[in-house]
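K.L.:
Got a file for you: model24.tsv, TSV, C-alpha atoms and all ligand atoms.
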```
chain	number	residue	atom	x	y	z
T	1	MET	CA	88.77	101.86	100.40
T	2	CYS	CA	92.04	101.27	102.09
T	3	GLY	CA	94.81	103.21	103.72
T	4	ILE	CA	98.24	104.24	102.52
T	5	VAL	CA	100.88	105.79	104.78
T	6	GLY	CA	104.49	106.65	103.97
T	7	TYR	CA	107.22	108.25	106.02
T	8	VAL	CA	110.79	109.34	105.26
T	9	GLY	CA	112.80	111.50	107.64
T	10	ASN	CA	114.91	111.51	110.78
T	11	LYS	CA	112.54	109.48	112.99
T	12	SER	CA	111.97	105.75	113.14
T	13	SER	CA	109.39	105.10	110.42
T	14	LEU	CA	107.58	102.09	111.88
T	15	PRO	CA	105.72	103.87	114.75
T	16	VAL	CA	104.67	106.65	112.33
T	17	LEU	CA	103.36	104.08	109.85
T	18	LEU	CA	101.43	102.08	112.46
T	19	GLU	CA	99.94	105.22	114.03
T	20	GLY	CA	98.98	106.53	110.58
T	21	LEU	CA	97.32	103.24	109.62
T	22	ARG	CA	95.40	103.34	112.90
T	23	MET	CA	94.12	106.83	112.01
T	24	LEU	CA	92.89	105.42	108.68
T	25	GLU	CA	91.09	102.40	110.16
T	26	TYR	CA	87.75	104.19	109.71
T	27	ARG	CA	88.11	103.53	105.95
T	28	GLY	CA	87.72	99.77	106.52
T	29	TYR	CA	90.24	97.01	105.74
T	30	ASP	CA	90.83	93.26	105.87
T	31	SER	CA	94.63	93.07	106.09
T	32	ALA	CA	97.66	95.24	106.70
T	33	GLY	CA	101.37	95.42	105.97
T	34	VAL	CA	104.52	97.54	106.01
T	35	SER	CA	107.81	97.72	104.09
T	36	LEU	CA	110.83	99.21	105.82
T	37	ALA	CA	113.81	100.35	103.75
T	38	TYR	CA	117.46	100.00	104.79
T	39	GLU	CA	120.72	100.86	103.06
T	40	ARG	CA	121.16	97.32	101.72
T	41	ASP	CA	117.91	95.63	102.62
T	42	MET	CA	114.12	95.82	102.60
T	43	ILE	CA	111.84	94.16	105.15
T	44	THR	CA	108.19	93.55	104.34
T	45	VAL	CA	105.80	92.18	106.96
T	46	LYS	CA	102.11	91.68	106.20
T	47	SER	CA	99.14	89.96	107.74
T	48	LYS	CA	95.51	89.17	107.10
T	49	GLY	CA	93.24	90.70	109.76
T	50	LYS	CA	93.45	93.72	111.99
T	51	LEU	CA	96.49	95.87	112.70
T	52	CYS	CA	97.11	93.98	115.97
T	53	GLU	CA	97.82	90.82	113.89
T	54	LEU	CA	100.48	92.75	111.96
T	55	GLU	CA	101.90	94.10	115.22
T	56	LYS	CA	102.16	90.56	116.60
T	57	LYS	CA	104.15	89.49	113.54
T	58	LEU	CA	106.39	92.55	113.82
T	59	ALA	CA	107.04	91.81	117.51
T	60	GLU	CA	108.30	88.32	116.58
T	61	ARG	CA	110.99	89.88	114.36
T	62	ASN	CA	114.13	91.71	115.37
T	63	ILE	CA	113.23	94.89	113.48
T	64	GLN	CA	116.03	97.46	113.22
T	65	GLU	CA	115.18	101.15	113.01
T	66	SER	CA	114.38	102.29	109.47
T	67	LEU	CA	114.02	105.95	108.48
T	68	CYS	CA	111.89	105.25	105.40
T	69	GLY	CA	108.84	103.04	105.01
T	70	ILE	CA	105.39	102.55	103.54
T	71	GLY	CA	102.33	100.95	105.12
T	72	HIS	CA	98.94	99.77	103.88
T	73	THR	CA	95.56	98.58	105.03
T	74	ARG	CA	93.88	96.55	102.27
T	75	TRP	CA	90.27	96.27	101.20
T	76	ALA	CA	90.49	93.23	98.91
T	77	THR	CA	89.06	93.62	95.40
T	78	HIS	CA	91.22	91.11	93.45
T	79	GLY	CA	92.06	87.99	95.44
T	80	ALA	CA	90.90	86.92	98.87
T	81	PRO	CA	92.11	88.60	102.06
T	82	SER	CA	95.31	86.65	102.81
T	83	ASP	CA	98.90	87.27	103.89
T	84	ILE	CA	100.20	86.84	100.33
T	85	ASN	CA	97.60	89.12	98.74
T	86	SER	CA	98.22	91.83	101.34
T	87	HIS	CA	100.29	94.85	100.41
T	88	PRO	CA	103.08	95.97	100.16
T	89	HIS	CA	104.02	93.89	97.11
T	90	GLU	CA	107.77	93.47	96.77
T	91	THR	CA	109.47	92.85	93.43
T	92	GLU	CA	113.14	92.45	92.62
T	93	LEU	CA	113.65	96.23	92.47
T	94	LEU	CA	110.91	97.87	94.53
T	95	THR	CA	108.08	97.63	97.03
T	96	LEU	CA	104.63	99.10	96.40
T	97	VAL	CA	101.29	99.86	98.07
T	98	HIS	CA	98.13	100.53	96.08
T	99	ASN	CA	94.65	101.81	96.69
T	100	GLY	CA	92.13	101.21	93.91
T	101	ILE	CA	91.67	98.87	90.98
T	102	ILE	CA	93.90	98.22	87.93
T	103	GLU	CA	91.35	97.36	85.24
T	104	ASN	CA	93.81	96.03	82.64
T	105	HIS	CA	95.71	93.75	85.05
T	106	LYS	CA	95.10	90.71	82.79
T	107	SER	CA	96.75	92.21	79.74
T	108	ILE	CA	99.62	93.55	81.89
T	109	GLU	CA	100.06	90.02	83.27
T	110	GLY	CA	100.19	88.56	79.73
T	111	PHE	CA	102.84	91.10	78.72
T	112	LEU	CA	104.94	90.49	81.85
T	113	LEU	CA	104.71	86.67	81.51
T	114	ARG	CA	106.21	87.02	78.03
T	115	GLU	CA	108.96	89.15	79.59
T	116	GLY	CA	109.81	86.37	82.06
T	117	TYR	CA	107.98	87.62	85.16
T	118	SER	CA	106.01	85.30	87.46
T	119	PHE	CA	103.39	86.05	90.08
T	120	VAL	CA	102.76	84.93	93.65
T	121	SER	CA	99.50	86.71	94.47
T	122	GLU	CA	96.07	87.02	92.85
T	123	THR	CA	96.07	90.80	93.03
T	124	ASP	CA	95.85	93.41	90.32
T	125	THR	CA	98.38	95.32	92.44
T	126	GLU	CA	101.20	92.80	91.98
T	127	ARG	CA	100.81	93.21	88.19
T	128	ALA	CA	101.17	97.00	88.57
T	129	ALA	CA	104.21	96.58	90.85
T	130	LYS	CA	105.93	94.30	88.34
T	131	LEU	CA	105.06	96.60	85.44
T	132	ILE	CA	106.86	99.46	87.25
T	133	ASP	CA	109.72	97.04	88.00
T	134	TYR	CA	109.90	96.30	84.26
T	135	PHE	CA	110.01	100.01	83.34
T	136	TYR	CA	112.59	100.69	86.08
T	137	LYS	CA	114.83	98.01	84.57
T	138	GLN	CA	114.56	99.84	81.24
T	139	THR	CA	114.96	103.42	82.48
T	140	ARG	CA	116.85	103.13	85.80
T	141	GLU	CA	115.07	106.37	86.67
T	142	PRO	CA	112.12	106.28	89.13
T	143	ILE	CA	110.09	109.17	87.74
T	144	ALA	CA	110.55	107.99	84.15
T	145	ALA	CA	109.47	104.46	85.18
T	146	LEU	CA	106.34	105.79	86.89
T	147	ILE	CA	105.45	107.99	83.93
T	148	GLU	CA	105.82	104.98	81.61
T	149	ALA	CA	103.60	102.93	83.93
T	150	LYS	CA	101.03	105.73	83.98
T	151	LYS	CA	100.70	105.42	80.19
T	152	THR	CA	99.78	101.73	80.56
T	153	LEU	CA	97.77	101.50	83.79
T	154	LEU	CA	93.99	101.76	83.39
T	155	GLY	CA	91.64	102.17	86.32
T	156	SER	CA	91.98	104.05	89.57
T	157	TYR	CA	95.03	104.10	91.72
T	158	ALA	CA	96.96	105.77	94.48
T	159	LEU	CA	100.46	104.29	94.61
T	160	GLY	CA	103.33	104.55	97.06
T	161	VAL	CA	106.66	103.08	95.92
T	162	ILE	CA	110.15	102.64	97.38
T	163	PHE	CA	112.89	101.58	94.96
T	164	LYS	CA	115.33	99.27	96.73
T	165	ASP	CA	118.41	101.08	95.44
T	166	ILE	CA	117.01	104.45	96.66
T	167	PRO	CA	116.11	103.62	100.29
T	168	SER	CA	115.74	107.26	101.37
T	169	LYS	CA	112.94	108.30	99.03
T	170	ILE	CA	109.28	107.46	98.50
T	171	TYR	CA	107.58	107.98	95.16
T	172	ALA	CA	103.85	108.46	94.72
T	173	LEU	CA	101.40	108.69	91.85
T	174	ARG	CA	97.63	108.90	91.82
T	175	LYS	CA	94.64	108.75	89.48
T	176	ASP	CA	91.05	109.01	90.74
T	177	ASN	CA	92.08	108.12	94.30
T	178	PRO	CA	93.24	110.60	96.93
T	179	LEU	CA	96.79	111.00	98.22
T	180	ILE	CA	98.08	113.66	100.61
T	181	VAL	CA	101.72	114.69	100.93
T	182	GLY	CA	103.05	116.51	104.00
T	183	TYR	CA	106.30	118.05	105.24
T	184	ASP	CA	107.44	119.08	108.74
T	185	GLY	CA	110.90	120.56	108.08
T	186	SER	CA	112.87	117.32	108.41
T	187	SER	CA	110.46	114.58	107.30
T	188	SER	CA	107.98	113.93	104.51
T	189	TYR	CA	104.70	112.09	104.82
T	190	LEU	CA	102.33	110.34	102.43
T	191	ALA	CA	98.79	109.30	103.28
T	192	SER	CA	95.37	108.52	101.85
T	193	ASP	CA	93.83	111.09	104.14
T	194	ILE	CA	94.85	114.03	106.36
T	195	PRO	CA	94.21	112.42	109.81
T	196	ALA	CA	97.23	110.15	109.33
T	197	ILE	CA	99.54	113.17	108.94
T	198	LEU	CA	97.92	115.75	111.26
T	199	PRO	CA	99.76	114.67	114.45
T	200	TYR	CA	103.04	115.63	112.72
T	201	THR	CA	102.35	118.58	110.45
T	202	LYS	CA	99.69	120.89	109.12
T	203	LEU	CA	101.83	121.62	106.06
T	204	CYS	CA	100.21	119.23	103.63
T	205	CYS	CA	98.52	119.24	100.26
T	206	ARG	CA	96.61	116.97	97.97
T	207	LEU	CA	98.78	115.41	95.26
T	208	SER	CA	97.46	116.59	91.90
T	209	GLU	CA	95.83	114.10	89.58
T	210	GLY	CA	98.40	112.29	87.43
T	211	ARG	CA	101.41	113.96	89.10
T	212	VAL	CA	104.39	112.01	90.44
T	213	ALA	CA	105.69	113.02	93.89
T	214	GLU	CA	109.22	112.37	95.12
T	215	LEU	CA	109.40	112.48	98.92
T	216	SER	CA	112.68	112.87	100.80
T	217	PRO	CA	113.61	114.22	104.26
T	218	GLU	CA	114.36	117.53	102.51
T	301	LIG	N1	92.87	96.14	94.22
T	301	LIG	C1	93.88	95.98	95.22
T	301	LIG	C2	93.79	94.62	95.88
T	301	LIG	O1	92.80	93.98	95.85
T	301	LIG	C3	93.88	97.12	96.24
T	301	LIG	C4	92.63	97.17	97.07
T	301	LIG	C5	92.64	98.33	98.04
T	301	LIG	O2	92.37	99.45	97.60
T	301	LIG	O3	92.91	98.08	99.21
T	301	LIG	O4	94.76	94.17	96.43
```
I'd like the structure from this file rewritten - as structure tokens, please.
Ligand code: GLU
P.N.:
Amino acid sequence: MCGIVGYVGNKSSLPVLLEGLRMLEYRGYDSAGVSLAYERDMITVKSKGKLCELEKKLAERNIQESLCGIGHTRWATHGAPSDINSHPHETELLTLVHNGIIENHKSIEGFLLREGYSFVSETDTERAAKLIDYFYKQTREPIAALIEAKKTLLGSYALGVIFKDIPSKIYALRKDNPLIVGYDGSSSYLASDIPAILPYTKLCCRLSEGRVAELSPE
């Protein structure tokens, strides 16, 4: 198991992400990472080891406040625990966190290689991220891209995605893995489990199986 946290709203996202990941530590993990979205930029920082290792790396950077981000604690299933295999996985058009296993990652890789993609990690997750990138190039519409990906992805997954050209929204999709969405009046939250959201709001619900969620401050 691993942990997913997402935040979009009027607060700085990084403290919410780190606090949320801390609340999900009970699920076990071997590495951690965050992506922070900006108007014209995306910053991804990830590290093998405990959350304090990630925090050390973050402290070495001059991180500007971001109002939208996703965070992840990884329990490695495909590829060793390492900085590169840690989530989030950034592609040209998006950044993505994943909980679960993509069973057909090999055939997705073959397809994407023929389409000109290359890979830097050993994870099944990077193949899923680049598949959604591929569909986003075709559709230029986040929900359509995720629905296309859903038709191809086999296995179990909870996904959190930020598209780089939509830095004020988080998209989520799940199959056979839990995801909770929450709202507090001016911010939206995404998490693998309720404890990560409870300090901020009690208005939350389980994302239905196979549904796509679009989270915005509204
Ligand atoms: N299968 C993915 C990986 O190994 C996600 C594992 C998880 O759920 O943390 O990177």
K.L.:
Find the distance between CA of Gly28 in chain T and CA of Cys2 in chain T and write it in Å to one decimal.
P.N.:
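Value for the CA of Gly28 in chain T-CA of Cys2 in chain T distance: 6.4 Å.
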K.L.:
To check your reading of the model: which residues sit at most 7 Å from ligand LIG 301 (chain T) when counting all atoms listed in the file? Write the answer as a PyMOL selection string.
P.N.:
chain T and resi 1-2+73-79+85-87+98-102+123-125
K.L.:
What's around Ala172 in chain T at 6 Å? Count all atoms listed in the file, leave out sequence neighbours fewer than 4 positions away in its own chain, and write the answer as an mmCIF file with C-alpha atoms, in the frame of the given file.
P.N.:
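This is the output file part_13.cif:
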```cif
data_model
loop_
_atom_site.group_PDB
_atom_site.id
_atom_site.type_symbol
_atom_site.label_atom_id
_atom_site.label_comp_id
_atom_site.auth_asym_id
_atom_site.auth_seq_id
_atom_site.Cartn_x
_atom_site.Cartn_y
_atom_site.Cartn_z
ATOM 1 C CA LEU T 159 100.460 104.290 94.610
ATOM 2 C CA GLY T 160 103.330 104.550 97.060
ATOM 3 C CA VAL T 212 104.390 112.010 90.440
ATOM 4 C CA ALA T 213 105.690 113.020 93.890
#
```
K.L.:
Please provide as a compact mmCIF listing (two decimals) with C-alpha atoms, in the frame of the given file all residues within 9 Å of Glu126 in chain T, with the sequence filter that same-chain residues fewer than 3 positions apart are discarded (counting all atoms listed in the file).
P.N.:
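Wrote around_8.txt, looks like this:
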```
# COMPACT_ATOMS: atom_id res chain seq x y z
CA ASN T 85 97.60 89.12 98.74
CA HIS T 87 100.29 94.85 100.41
CA PRO T 88 103.08 95.97 100.16
CA HIS T 89 104.02 93.89 97.11
CA GLU T 90 107.77 93.47 96.77
CA THR T 91 109.47 92.85 93.43
CA LEU T 96 104.63 99.10 96.40
CA HIS T 105 95.71 93.75 85.05
CA PHE T 119 103.39 86.05 90.08
CA VAL T 120 102.76 84.93 93.65
CA SER T 121 99.50 86.71 94.47
CA GLU T 122 96.07 87.02 92.85
CA THR T 123 96.07 90.80 93.03
CA ALA T 129 104.21 96.58 90.85
CA LYS T 130 105.93 94.30 88.34
CA LEU T 131 105.06 96.60 85.44
```
K.L.:
Could you tell me how far CA of Val181 in chain T sits from CA of Leu51 in chain T, in Å to one decimal place?
P.N.:
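Here the two named atoms are 22.8 Å from each other.
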K.L.:
Find the distance between CA of Asp193 in chain T and CA of Gly20 in chain T and write it in Å to one decimal.
P.N.:
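According to the coordinates, CA of Asp193 in chain T and CA of Gly20 in chain T are separated by 9.4 Å.
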